[in-house]
Each structure stands twice: as structure tokens, then as C-alpha cells.
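Data block for input33.pdb (PDB, C-alpha atoms and all ligand atoms):
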```pdb
MODEL        1
ATOM      1  CA  GLU A   1     -28.298 -44.324  32.506  1.00  0.00           C
ATOM      2  CA  THR A   2     -30.517 -46.635  30.519  1.00  0.00           C
ATOM      3  CA  TYR A   3     -30.163 -50.340  29.821  1.00  0.00           C
ATOM      4  CA  SER A   4     -33.385 -51.652  28.369  1.00  0.00           C
ATOM      5  CA  THR A   5     -34.329 -54.880  26.622  1.00  0.00           C
ATOM      6  CA  GLN A   6     -37.818 -55.209  25.215  1.00  0.00           C
ATOM      7  CA  ILE A   7     -39.754 -57.450  22.878  1.00  0.00           C
ATOM      8  CA  LEU A   8     -41.318 -55.778  19.867  1.00  0.00           C
ATOM      9  CA  LYS A   9     -43.921 -58.243  18.656  1.00  0.00           C
ATOM     10  CA  ASP A  10     -44.576 -56.717  15.253  1.00  0.00           C
ATOM     11  CA  GLU A  11     -43.806 -53.771  13.001  1.00  0.00           C
ATOM     12  CA  ALA A  12     -46.424 -51.608  14.752  1.00  0.00           C
ATOM     13  CA  ALA A  13     -44.559 -52.132  18.026  1.00  0.00           C
ATOM     14  CA  THR A  14     -41.338 -50.964  16.360  1.00  0.00           C
ATOM     15  CA  VAL A  15     -43.091 -47.837  15.084  1.00  0.00           C
ATOM     16  CA  HIS A  16     -44.507 -47.196  18.558  1.00  0.00           C
ATOM     17  CA  ALA A  17     -41.049 -47.556  20.117  1.00  0.00           C
ATOM     18  CA  ALA A  18     -39.768 -45.095  17.511  1.00  0.00           C
ATOM     19  CA  SER A  19     -42.276 -42.432  18.547  1.00  0.00           C
ATOM     20  CA  VAL A  20     -41.483 -42.924  22.255  1.00  0.00           C
ATOM     21  CA  LEU A  21     -37.777 -42.490  21.521  1.00  0.00           C
ATOM     22  CA  ALA A  22     -38.256 -39.584  19.117  1.00  0.00           C
ATOM     23  CA  LYS A  23     -39.891 -37.483  21.855  1.00  0.00           C
ATOM     24  CA  GLN A  24     -36.730 -37.806  23.953  1.00  0.00           C
ATOM     25  CA  LEU A  25     -34.182 -36.827  21.316  1.00  0.00           C
ATOM     26  CA  GLN A  26     -32.228 -33.616  21.640  1.00  0.00           C
ATOM     27  CA  PRO A  27     -30.461 -31.662  18.892  1.00  0.00           C
ATOM     28  CA  GLY A  28     -26.818 -32.654  18.659  1.00  0.00           C
ATOM     29  CA  GLN A  29     -27.416 -36.296  19.409  1.00  0.00           C
ATOM     30  CA  VAL A  30     -26.027 -39.322  17.616  1.00  0.00           C
ATOM     31  CA  ILE A  31     -27.957 -42.587  17.554  1.00  0.00           C
ATOM     32  CA  TYR A  32     -26.346 -45.855  16.473  1.00  0.00           C
ATOM     33  CA  LEU A  33     -28.560 -48.630  15.099  1.00  0.00           C
ATOM     34  CA  HIS A  34     -27.095 -52.145  15.090  1.00  0.00           C
ATOM     35  CA  GLY A  35     -28.623 -55.342  13.744  1.00  0.00           C
ATOM     36  CA  ASP A  36     -28.631 -57.648  10.730  1.00  0.00           C
ATOM     37  CA  LEU A  37     -30.267 -56.861   7.403  1.00  0.00           C
ATOM     38  CA  GLY A  38     -34.024 -56.819   7.872  1.00  0.00           C
ATOM     39  CA  ALA A  39     -33.781 -56.413  11.643  1.00  0.00           C
ATOM     40  CA  GLY A  40     -35.799 -53.198  11.751  1.00  0.00           C
ATOM     41  CA  LYS A  41     -33.270 -50.346  11.784  1.00  0.00           C
ATOM     42  CA  THR A  42     -34.828 -48.435   8.903  1.00  0.00           C
ATOM     43  CA  THR A  43     -38.334 -49.125  10.233  1.00  0.00           C
ATOM     44  CA  LEU A  44     -37.309 -47.482  13.517  1.00  0.00           C
ATOM     45  CA  VAL A  45     -35.724 -44.486  11.772  1.00  0.00           C
ATOM     46  CA  ARG A  46     -38.816 -44.089   9.568  1.00  0.00           C
ATOM     47  CA  GLY A  47     -41.007 -44.110  12.678  1.00  0.00           C
ATOM     48  CA  MET A  48     -38.810 -41.528  14.378  1.00  0.00           C
ATOM     49  CA  LEU A  49     -38.777 -39.193  11.386  1.00  0.00           C
ATOM     50  CA  HIS A  50     -42.550 -39.422  11.027  1.00  0.00           C
ATOM     51  CA  ALA A  51     -42.950 -38.764  14.765  1.00  0.00           C
ATOM     52  CA  LEU A  52     -40.756 -35.663  14.318  1.00  0.00           C
ATOM     53  CA  GLY A  53     -43.058 -34.359  11.615  1.00  0.00           C
ATOM     54  CA  HIS A  54     -41.640 -35.710   8.387  1.00  0.00           C
ATOM     55  CA  VAL A  55     -44.401 -36.366   5.868  1.00  0.00           C
ATOM     56  CA  GLY A  56     -43.679 -38.755   3.029  1.00  0.00           C
ATOM     57  CA  LYS A  57     -41.224 -41.449   2.192  1.00  0.00           C
ATOM     58  CA  VAL A  58     -38.135 -42.505   4.091  1.00  0.00           C
ATOM     59  CA  LYS A  59     -35.972 -44.525   1.769  1.00  0.00           C
ATOM     60  CA  SER A  60     -32.957 -46.489   2.809  1.00  0.00           C
ATOM     61  CA  PRO A  61     -29.840 -44.491   1.812  1.00  0.00           C
ATOM     62  CA  THR A  62     -27.915 -47.649   0.987  1.00  0.00           C
ATOM     63  CA  TYR A  63     -26.199 -46.184  -2.083  1.00  0.00           C
ATOM     64  CA  THR A  64     -26.131 -42.506  -1.175  1.00  0.00           C
ATOM     65  CA  LEU A  65     -24.961 -43.314   2.394  1.00  0.00           C
ATOM     66  CA  VAL A  66     -26.979 -40.433   3.852  1.00  0.00           C
ATOM     67  CA  GLU A  67     -30.357 -38.758   3.433  1.00  0.00           C
ATOM     68  CA  PRO A  68     -31.105 -35.391   5.068  1.00  0.00           C
ATOM     69  CA  TYR A  69     -34.455 -34.396   6.574  1.00  0.00           C
ATOM     70  CA  MET A  70     -35.013 -30.721   7.388  1.00  0.00           C
ATOM     71  CA  LEU A  71     -37.483 -30.917  10.250  1.00  0.00           C
ATOM     72  CA  PRO A  72     -38.704 -28.191  12.621  1.00  0.00           C
ATOM     73  CA  PHE A  73     -37.051 -29.981  15.531  1.00  0.00           C
ATOM     74  CA  ALA A  74     -33.658 -30.376  13.907  1.00  0.00           C
ATOM     75  CA  THR A  75     -32.004 -31.383  10.692  1.00  0.00           C
ATOM     76  CA  CYS A  76     -31.891 -35.157  10.839  1.00  0.00           C
ATOM     77  CA  TYR A  77     -29.346 -37.167   8.885  1.00  0.00           C
ATOM     78  CA  HIS A  78     -30.150 -40.808   8.251  1.00  0.00           C
ATOM     79  CA  PHE A  79     -26.978 -42.731   7.476  1.00  0.00           C
ATOM     80  CA  ASP A  80     -26.827 -46.289   6.161  1.00  0.00           C
ATOM     81  CA  LEU A  81     -23.150 -47.254   6.128  1.00  0.00           C
ATOM     82  CA  TYR A  82     -23.615 -50.855   4.996  1.00  0.00           C
ATOM     83  CA  ARG A  83     -21.676 -50.140   1.794  1.00  0.00           C
ATOM     84  CA  PHE A  84     -19.249 -47.663   3.280  1.00  0.00           C
ATOM     85  CA  GLN A  85     -15.593 -48.456   2.573  1.00  0.00           C
ATOM     86  CA  ASP A  86     -13.477 -45.418   2.028  1.00  0.00           C
ATOM     87  CA  ALA A  87     -12.390 -43.144   4.872  1.00  0.00           C
ATOM     88  CA  GLU A  88     -11.234 -40.522   2.358  1.00  0.00           C
ATOM     89  CA  GLU A  89     -14.746 -40.412   0.969  1.00  0.00           C
ATOM     90  CA  TRP A  90     -15.985 -39.539   4.446  1.00  0.00           C
ATOM     91  CA  GLU A  91     -13.837 -36.413   4.587  1.00  0.00           C
ATOM     92  CA  ALA A  92     -14.374 -35.507   0.929  1.00  0.00           C
ATOM     93  CA  ALA A  93     -18.142 -35.702   1.289  1.00  0.00           C
ATOM     94  CA  GLY A  94     -18.010 -33.493   4.375  1.00  0.00           C
ATOM     95  CA  PHE A  95     -19.825 -36.042   6.508  1.00  0.00           C
ATOM     96  CA  ARG A  96     -17.884 -34.943   9.557  1.00  0.00           C
ATOM     97  CA  ASP A  97     -19.795 -31.632   9.512  1.00  0.00           C
ATOM     98  CA  TYR A  98     -23.136 -33.451   9.569  1.00  0.00           C
ATOM     99  CA  PHE A  99     -22.448 -34.222  13.208  1.00  0.00           C
ATOM    100  CA  ASN A 100     -23.052 -30.836  14.804  1.00  0.00           C
ATOM    101  CA  PRO A 101     -24.980 -29.349  17.747  1.00  0.00           C
ATOM    102  CA  ALA A 102     -28.013 -28.533  15.572  1.00  0.00           C
ATOM    103  CA  SER A 103     -28.416 -31.943  13.921  1.00  0.00           C
ATOM    104  CA  VAL A 104     -29.567 -35.401  14.892  1.00  0.00           C
ATOM    105  CA  CYS A 105     -27.681 -38.266  13.225  1.00  0.00           C
ATOM    106  CA  LEU A 106     -29.303 -41.700  12.997  1.00  0.00           C
ATOM    107  CA  VAL A 107     -26.668 -44.193  11.861  1.00  0.00           C
ATOM    108  CA  GLU A 108     -27.299 -47.715  10.551  1.00  0.00           C
ATOM    109  CA  TRP A 109     -24.203 -49.960  10.399  1.00  0.00           C
ATOM    110  CA  PRO A 110     -22.011 -47.574  12.463  1.00  0.00           C
ATOM    111  CA  GLU A 111     -19.403 -50.343  12.852  1.00  0.00           C
ATOM    112  CA  ARG A 112     -18.499 -49.847   9.159  1.00  0.00           C
ATOM    113  CA  ALA A 113     -17.111 -46.379   9.931  1.00  0.00           C
ATOM    114  CA  ALA A 114     -16.360 -46.862  13.599  1.00  0.00           C
ATOM    115  CA  GLU A 115     -13.196 -44.785  13.875  1.00  0.00           C
ATOM    116  CA  LEU A 116     -14.736 -41.857  11.965  1.00  0.00           C
ATOM    117  CA  LEU A 117     -17.878 -41.462  14.020  1.00  0.00           C
ATOM    118  CA  PRO A 118     -18.471 -39.513  17.207  1.00  0.00           C
ATOM    119  CA  VAL A 119     -19.568 -41.669  20.140  1.00  0.00           C
ATOM    120  CA  ALA A 120     -23.269 -42.438  20.323  1.00  0.00           C
ATOM    121  CA  ASP A 121     -25.659 -40.799  22.770  1.00  0.00           C
ATOM    122  CA  ILE A 122     -28.085 -43.682  22.316  1.00  0.00           C
ATOM    123  CA  GLU A 123     -27.177 -47.172  21.078  1.00  0.00           C
ATOM    124  CA  ILE A 124     -29.918 -49.402  19.727  1.00  0.00           C
ATOM    125  CA  ARG A 125     -29.578 -53.065  18.792  1.00  0.00           C
ATOM    126  CA  PHE A 126     -32.107 -55.371  17.199  1.00  0.00           C
ATOM    127  CA  ASP A 127     -32.057 -59.153  17.457  1.00  0.00           C
ATOM    128  CA  ILE A 128     -34.314 -61.053  15.081  1.00  0.00           C
ATOM    129  CA  LEU A 129     -36.822 -63.519  16.516  1.00  0.00           C
ATOM    130  CA  PRO A 130     -38.952 -65.834  14.373  1.00  0.00           C
ATOM    131  CA  HIS A 131     -41.910 -63.576  15.145  1.00  0.00           C
ATOM    132  CA  GLY A 132     -40.800 -60.196  16.369  1.00  0.00           C
ATOM    133  CA  ARG A 133     -37.627 -58.487  17.483  1.00  0.00           C
ATOM    134  CA  VAL A 134     -35.658 -57.922  20.659  1.00  0.00           C
ATOM    135  CA  LEU A 135     -34.779 -54.257  21.096  1.00  0.00           C
ATOM    136  CA  HIS A 136     -31.792 -53.311  23.260  1.00  0.00           C
ATOM    137  CA  ILE A 137     -31.269 -49.663  24.190  1.00  0.00           C
ATOM    138  CA  THR A 138     -28.208 -48.281  25.973  1.00  0.00           C
ATOM    139  CA  SER A 139     -27.630 -44.643  26.880  1.00  0.00           C
ATOM    140  CA  GLN A 140     -25.868 -42.487  29.432  1.00  0.00           C
ATOM    141  CA  GLN A 141     -29.122 -40.551  29.455  1.00  0.00           C
ATOM    142  CA  ALA A 142     -32.097 -41.623  31.574  1.00  0.00           C
ATOM    143  CA  LEU A 143     -34.712 -42.530  28.986  1.00  0.00           C
ATOM    144  CA  ALA A 144     -38.375 -43.079  29.845  1.00  0.00           C
ATOM    145  CA  LEU A 145     -39.237 -46.309  28.075  1.00  0.00           C
ATOM    146  CA  GLU A 146     -41.928 -47.871  30.293  1.00  0.00           C
ATOM    147  CA  THR A 147     -44.601 -47.167  27.740  1.00  0.00           C
ATOM    148  CA  LEU A 148     -42.525 -48.643  24.990  1.00  0.00           C
ATOM    149  CA  CYS A 149     -43.725 -52.189  25.422  1.00  0.00           C
ATOM    150  CA  GLN A 150     -47.426 -51.916  24.636  1.00  0.00           C
TER     151      GLN A 150
HETATM  152  P1  LIG B 201     -32.996 -52.984   8.411  1.00  0.00           P
HETATM  153  O1  LIG B 201     -32.988 -51.517   8.153  1.00  0.00           O
HETATM  154  O2  LIG B 201     -32.524 -53.346   9.781  1.00  0.00           O
HETATM  155  O3  LIG B 201     -32.273 -53.755   7.356  1.00  0.00           O
HETATM  156  P2  LIG B 201     -35.829 -52.812   7.762  1.00  0.00           P
HETATM  157  O4  LIG B 201     -36.390 -51.868   8.761  1.00  0.00           O
HETATM  158  O5  LIG B 201     -35.560 -52.303   6.393  1.00  0.00           O
HETATM  159  O6  LIG B 201     -34.512 -53.489   8.378  1.00  0.00           O
HETATM  160  O7  LIG B 201     -36.765 -54.073   7.611  1.00  0.00           O
HETATM  161  C1  LIG B 201     -37.294 -54.695   8.748  1.00  0.00           C
HETATM  162  C2  LIG B 201     -38.370 -55.651   8.321  1.00  0.00           C
HETATM  163  O8  LIG B 201     -38.871 -56.277   9.488  1.00  0.00           O
HETATM  164  C3  LIG B 201     -39.547 -54.982   7.659  1.00  0.00           C
HETATM  165  O9  LIG B 201     -40.093 -55.885   6.732  1.00  0.00           O
HETATM  166  C4  LIG B 201     -40.510 -54.728   8.812  1.00  0.00           C
HETATM  167  O10 LIG B 201     -41.864 -54.772   8.404  1.00  0.00           O
HETATM  168  C5  LIG B 201     -40.205 -55.897   9.720  1.00  0.00           C
HETATM  169  N1  LIG B 201     -40.327 -55.554  11.150  1.00  0.00           N
HETATM  170  C6  LIG B 201     -40.012 -54.403  11.772  1.00  0.00           C
HETATM  171  N2  LIG B 201     -40.204 -54.498  13.102  1.00  0.00           N
HETATM  172  C7  LIG B 201     -40.672 -55.748  13.334  1.00  0.00           C
HETATM  173  C8  LIG B 201     -41.049 -56.466  14.520  1.00  0.00           C
HETATM  174  N3  LIG B 201     -40.977 -55.896  15.727  1.00  0.00           N
HETATM  175  N4  LIG B 201     -41.460 -57.741  14.381  1.00  0.00           N
HETATM  176  C9  LIG B 201     -41.512 -58.325  13.167  1.00  0.00           C
HETATM  177  N5  LIG B 201     -41.168 -57.699  12.011  1.00  0.00           N
HETATM  178  C10 LIG B 201     -40.752 -56.433  12.087  1.00  0.00           C
HETATM  179 MG    MG B 202     -31.873 -50.404   6.802  1.00  0.00          MG
ENDMDL
END
```
Could you take the file, read its structure, and then write that structure out as C-alpha cells?
Amino acid sequence: ETYSTQILKDEAATVHAASVLAKQLQPGQVIYLHGDLGAGKTTLVRGMLHALGHVGKVKSPTYTLVEPYMLPFATCYHFDLYRFQDAEEWEAAGFRDYFNPASVCLVEWPERAAELLPVADIEIRFDILPHGRVLHITSQQALALETLCQ
């Protein structure tokens, strides 16, 4: 089990945390990312995808809801459910199938589709400080995060 609270003093610290976490992901996992607009959810996802070998842009899928990344490690799906409303759309779009043993799903605003989502393997929450962020990580898994706070 992991319950961790850490201060991330700047964006570089968020990117560092992302790479530490990325190394501990396993195919099939679901990661929830909570926090207000501008808290750092997409920054963390971007850092994870780059750490997993993605080269190039990571744009926020605010309108498309999901963006796929075919990486050597796994196919990663980055969801942003901020604008999600319609449960029928979830089924029609086949999003259910995106959650499978070969994929990793990184989900911003999971509370917007709570009843449709599988449970999370790792839950991440950002609180905004005037200068920096507080990062909360919860998991049933034992995560090695000592090096996270640099
Ligand atoms: P979200 O996806 O949660 O809406 P974004 O990742 O798009 O947020 O934006 C977060 C903003 O906060 C970016 O401008 C980023 O540079 C900044 N940021 C990220 N991490 C930190 C941090 N630890 N301290 C201060 N600013 C940060
Ligand atoms: Mg975002």
C-alpha cells in the first residue's frame, strides 16, 4: 500500500515525479488524476508519456475526450473527461474496451464518469499552492517514491 504526500515546488518537479511513477506502471493499469484546472494533471501525464518513450506533443484531449499513444511498453490512453456528459456516448465510442490488460489508462476528471470507469490502481491528486503543488498518491501497490521529492 502507498499513501504519499509530497510537495512539488515547480513544473520540473512534476515532470520528475512523472518519470518516477512511469517506471512503476504495469500494463492493464488505470490511473486517476484529480485536481482543479491548471493543477498539473496534464503536465504529469505528459511527463509519464515522455518517460515511456513518446516523442512529440501531448495535447489535452479536452474535446476528443481521449488520445491514444502506441508505445513499446503499452498502448496508453490519455482521457480528459472534463466535458464528458453522456453515458451512452461512452458505450457508443467503445471506451469500455480501452480499459484492457494490454493498455494503460490515464484519466483526468474521472469523477465525471465515475460509474463507468474501472477502479483505479493508482489515484493521484493535486492541490494548488501559491508556488508549487501538493501531490497525493494512493495505491494498493507498494510504490517506491522516496526519490520523488528532489
Ligand atoms: P491540468 O491538466 O490539471 O488542468 P496542466 O498540467 O494543464 O493542468 O497545467 C498545469 C500548470 O501548472 C502548467 O502551467 C504547469 O507549468 C504548472 N505546473 C505544473 N506543475 C507545477 C508545480 N509543481 N508547481 C508550479 N506550477 C506547476
Ligand atoms: Mg488537463
Counting all atoms listed in the file, name the residues that have an atom within 10 Å of an atom of ligand LIG 201 (chain B); the answer should be given as a PyMOL selection string.
chain A and resi 7-17+33-47+59-62+80+82+108-109+125-135
Which residue, A:Asn100, A:Val66, A:Glu91, A:Glu123, has the smallest gap to ligand MG 202 (chain B) when you use all atoms listed in the file?
A:Val66
Neighbour list for His54 (chain A) as a list in words, cut-off 10 Å, all atoms listed in the file, skip fewer than 5 positions in-chain:
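The contact residues come out as Arg46, Gly47, Met48, Leu49, Tyr69, Met70, Leu71 and Pro72 of chain A.
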Take every atom of region 118-130 of chain A listed in the file, pad by 3 Å on each side, and give me the axis-aligned box centre and edge lengths in Å, one decimal, as lines of an AutoDock Vina configuration file.
```
center_x = -28.7
center_y = -52.7
center_z = 18.6
size_x = 26.5
size_y = 32.3
size_z = 14.4
```
Quick one: everything within 10 Å of Phe99 (chain A), counting only C-alpha atoms, minus sequence neighbours fewer than 6 positions away in the same chain. Send it as number ranges by chain.
A: 28-30, 76-77, 105, 117-118
Atomic distance CA of Gly53 (chain A) - CA of Ser19 (chain A), expressed in Å with one decimal:
10.7 Å
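Counting all atoms listed in the file, the residue from A:Lys23, A:Leu106, A:Ala120, A:Gln85 that sits nearest to ligand MG 202 (chain B) is A:Leu106.
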What does the distance from CA of Arg112 (chain A) to CA of Gln140 (chain A) come to in Å, to one decimal?
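Computed distance, CA of Arg112 (chain A) to CA of Gln140 (chain A), equals 22.8 Å.
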One decimal, in Å: what's the spacing between CA of Ile31 (chain A) and CA of Glu146 (chain A)?
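Atom-to-atom, CA of Ile31 (chain A) and CA of Glu146 (chain A) are spaced 19.6 Å apart.
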Determine the nearest neighbour of ligand MG 202 (chain B) from the options A:His136, A:Tyr63, A:Leu145, A:Gly94, counting only C-alpha atoms and all ligand atoms.
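Among A:His136, A:Tyr63, A:Leu145, A:Gly94, it is A:Tyr63 that comes nearest to ligand MG 202 (chain B).
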Can you find the residues with an atom no farther than 6 Å from (-38.1, -43.6, 25.0), counting only C-alpha atoms, and report them as number ranges by chain?
A: 20-21, 143-145
Which of these, A:Pro110, A:Pro68, A:Pro101, A:Gly56, has the shortest distance to ligand MG 202 (chain B) once you count all atoms listed in the file?
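Ranking A:Pro110, A:Pro68, A:Pro101, A:Gly56 by distance to ligand MG 202 (chain B), first place goes to A:Pro110.
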Counting all atoms listed in the file, which residue out of A:Val104, A:Leu25, A:Ala142, A:Val58 sits closest to ligand MG 202 (chain B)?
A:Val58
